[in-house]
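Worksheet for the structure shown next.
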Protein chains: 2
Amino acid sequence: MLSNSSKYAIKAVLFLALNSSEKNKVMAKDISQPINVPQAYIAKLLQELVKEKIVSSVRGAKGGFYLDDKNLNHSIMSIVNVIDGEKRLNSCMMSLKKCNEEKPCPLHSILSTSRSQILNSLKSKTIKDLVEEVELGNAFLPL
Amino acid sequence: MLSNSSKYAIKAVLFLALNSSEKNKVMAKDISQPINVPQAYIAKLLQELVKEKIVSSVRGAKGGFYLDDKNLNHSIMSIVNVIDGEKRLNSCMMSLKKCNEEKPCPLHSILSTSRSQILNSLKSKTIKDLVEEVELGNAFLPL
DNA sequence: TCCTAAATATGATTTTTATCATATTATATT
DNA sequence: AATATAATATGATAAAAATCATATTTAGGA
Ligand code: FES
Ligand code: FES
């Protein structure tokens with residue numbers, strides 16, 4: 001479904017959303033442990049997100065990663081797109097050249113509605129939305 | 001979502017369902033081209049399916065692969081399970097240790113219903129079901 | 001019984017994904 | 001300005017997935 005890297009990235013972003021701010025930056029090494037992803041690995045992923053302006057950062061002493069209000073309004077899909085690329089989730093499930101509505105493969109008929117729901121959720125839900133779920137106690141973030 | 005291998009395997013099985021029978025076996029090399037998967041690759045995948053009795057085969061002259069009535073009643077999920085293993089589709093989408101209904105991650109809340117629908121379809125739909133869709137002209141099998 | 005055809009077992013190679021490591025650059029503090 | 005700190009750029013290594021290759025086994029036909 002999602003790559004490991006995307007999953008890690010989402011965890012890290014949510015962690016930042018909950019535990020950082022412009023005046024309270026968090027270093028890679030302090031993200032690594034609570035989300036259970038190796039430091040060098042999460043650092044690299046965060047760098048890609050910074051490049052796409054989904055995460056903010058400043059380097060040097062007192063530096064670190066954080067999310068500002070603009071960052072918080074990005075969709076979950078935008079994270080996945082940066083890390084996994086656009087086509088991972090919408091290619092044909094039977095590996096036809098392309099997923100084709102006019103000439104759907106047999107799996108298309110039975111799976112594409114559910115898949116669209118997933119894609120739509122990922123597109124419409126923002127980081128902020130998920131954070132709210134956690135704050136309301138409807139969702140959890142262990143490891 | 002599904003691995004390449006699983007997608008290839010499903011294509012091959014559907015091709016066999018439509019073009020083979022006990023008295024009309026099809027060789028790996030004659031499956032390879034129409035489904036657009038390299039011969040050595042599809043042969044290996046089919047061997048795994050034979051081992052799990054999802055596909056039938058006989059070797060030697062006049063041999064080849066085919067599906068019998070029993071084979072046709074296997075679910076699509078059974079193919080995926082043989083090729084990808086059981087946990088590819090139901091692990092936590094944020095890579096928590098396990099997908100946990102009691103302490104769901106933020107993605108769980110928004111995605112798990114759709115994912116369950118996908119899993120249920122894959123479990124309930126048999127090879128025969130999909131073949132019927134193709135025969136009715138509701139689904140297609142190019143490349 | 002031989003010969004040929006085809007799957008099977010096995011494993012090698014390539015590509016992609018995941019993971020680790022480090023030298024460089026930018027920032028704050030002294 | 002000098003130093004320490006932390007991200008960044010870059011690339012190396014490891015593991016997994018995808019792909020390719022081949023010797024062995026089994027079945028049919030001459
Ligand atoms: S998923 Fe195969 S055509 Fe859409
Ligand atoms: S998908 Fe994360 S807990 Fe179910």
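A note on labels: chains of the structure tokens are A, B, ... as shown, every chain counts residues from 1, and ligands are counted from 1 in their shown order.
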
(Q) Which residues are near ligand 1 - at most 8 Å, using only C-alpha atoms (C1' of nucleotides) and all ligand atoms? Format: as a list of chain:residue names. (A)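 After applying the 8 Å limit, what remains is A:Asn90, A:Ser91, A:Cys92, A:Met93, A:Met94, A:Ser95, A:Leu96, A:Lys98, A:Cys99, A:Asn100, A:Glu101, A:Lys103, A:Pro104, A:Cys105, A:Pro106, A:Leu107, A:His108, A:Ser109, A:Leu111, A:Ser112.
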
Q. What residues in range 4-64 of chain A get the DSSP label alpha helix (DSSP H)? Please answer as a ChimeraX atom specification.
A. /A:4-19,28-35,39-51

(Q) Neighbouring residues of range 14-21 of chain C were defined as those with any atom within 8 Å, considering only C-alpha atoms (C1' of nucleotides); residues of the same chain fewer than 4 positions away were excluded. Please report them as a list in words. (A)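 Using only C-alpha atoms (C1' of nucleotides), the neighbours found are Ala40 and Tyr41 of chain A; DA12, DT13, DA14, DA15, DA16, DA17, DA18 and DT19 of chain D.
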
Q.
Select, as a PyMOL selection string, those residues of chain B with any atom no more than 9 Å from chain C (distances computed using only C-alpha atoms (C1' of nucleotides)).
A. chain B and resi 27-28+43-44+47+57-65

Q: Tell me which protein, DNA and RNA residues are within 9 Å of range 4-11 of chain A, counting only C-alpha atoms (C1' of nucleotides), leaving out same-chain ones fewer than 3 positions away, and put them as a list in words.
A: Leu14, Phe15, Leu16, Ile35, Asn36, Val37, Tyr41, Ile42, Leu45, Leu46, Leu49, Ile76, Ile79, Val80, Asn81, Val82, Ile83, Asp84, Ile127, Leu141 and Leu143 of chain A; Met93, Met94 and Ser95 of chain B; DT17 and DA18 of chain C

Q.
Should the cut-off be 12 Å, what would the residue list for chain D against chain B look like, counting only C-alpha atoms (C1' of nucleotides), as number ranges by chain?
A. D: 17-22, 25-29

Can I get the selected residues back with C-alpha atoms (C1' of nucleotides), as a PDB file, in the first residue's frame?
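Dumped everything to out.pdb:
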```
ATOM      1  C1'  DA D  17      11.956  -7.634  -5.040  1.00  0.00           C
ATOM      2  C1'  DA D  18      12.157  -8.463  -9.760  1.00  0.00           C
ATOM      3  C1'  DT D  19      14.238 -10.736 -13.529  1.00  0.00           C
ATOM      4  C1'  DC D  20      17.005 -14.127 -15.984  1.00  0.00           C
ATOM      5  C1'  DA D  21      19.355 -18.659 -16.745  1.00  0.00           C
ATOM      6  C1'  DT D  22      20.047 -23.615 -16.539  1.00  0.00           C
ATOM      7  C1'  DT D  25      12.971 -34.546 -13.704  1.00  0.00           C
ATOM      8  C1'  DT D  26       8.818 -36.353 -15.810  1.00  0.00           C
ATOM      9  C1'  DA D  27       5.639 -37.580 -19.517  1.00  0.00           C
ATOM     10  C1'  DG D  28       4.512 -38.805 -24.328  1.00  0.00           C
ATOM     11  C1'  DG D  29       5.541 -40.535 -28.804  1.00  0.00           C
TER      12       DG D  29
END
```

Q.
So that I can see what lies close to Lys70 in chain A, please list as a VMD selection string the residues with an atom at most 12 Å from it, counting only C-alpha atoms (C1' of nucleotides) and leaving out residues fewer than 2 positions away in the same chain.
A. chain A and resid 17 21 to 22 53 to 56 66 to 68 72 to 75 126 to 128

Q: Find the residue from B:Lys25, B:Lys97, B:Pro34, B:Met77 that sits nearest to ligand 2; use only C-alpha atoms and all ligand atoms when measuring.
A: B:Lys97

**Q.** Two-atom distance - CA of Lys123 in chain B, CA of Val26 in chain B (Å)
**A.** 26.7 Å

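Minimum distance to chain B across A:Val131, A:Val50, A:Val13, A:Ile31 (counting only C-alpha atoms) occurs at A:Val131.
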
**Q.** Residue nearest chain B - candidates A:Ala12, A:Leu89, A:Met1, A:Leu122, atoms counted: only C-alpha atoms
**A.**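 With only C-alpha atoms as the atom set, the closest residue is A:Met1.
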
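Computed from the coordinates, the CA of Leu18 in chain B to CA of Ser114 in chain A distance equals 26.7 Å.
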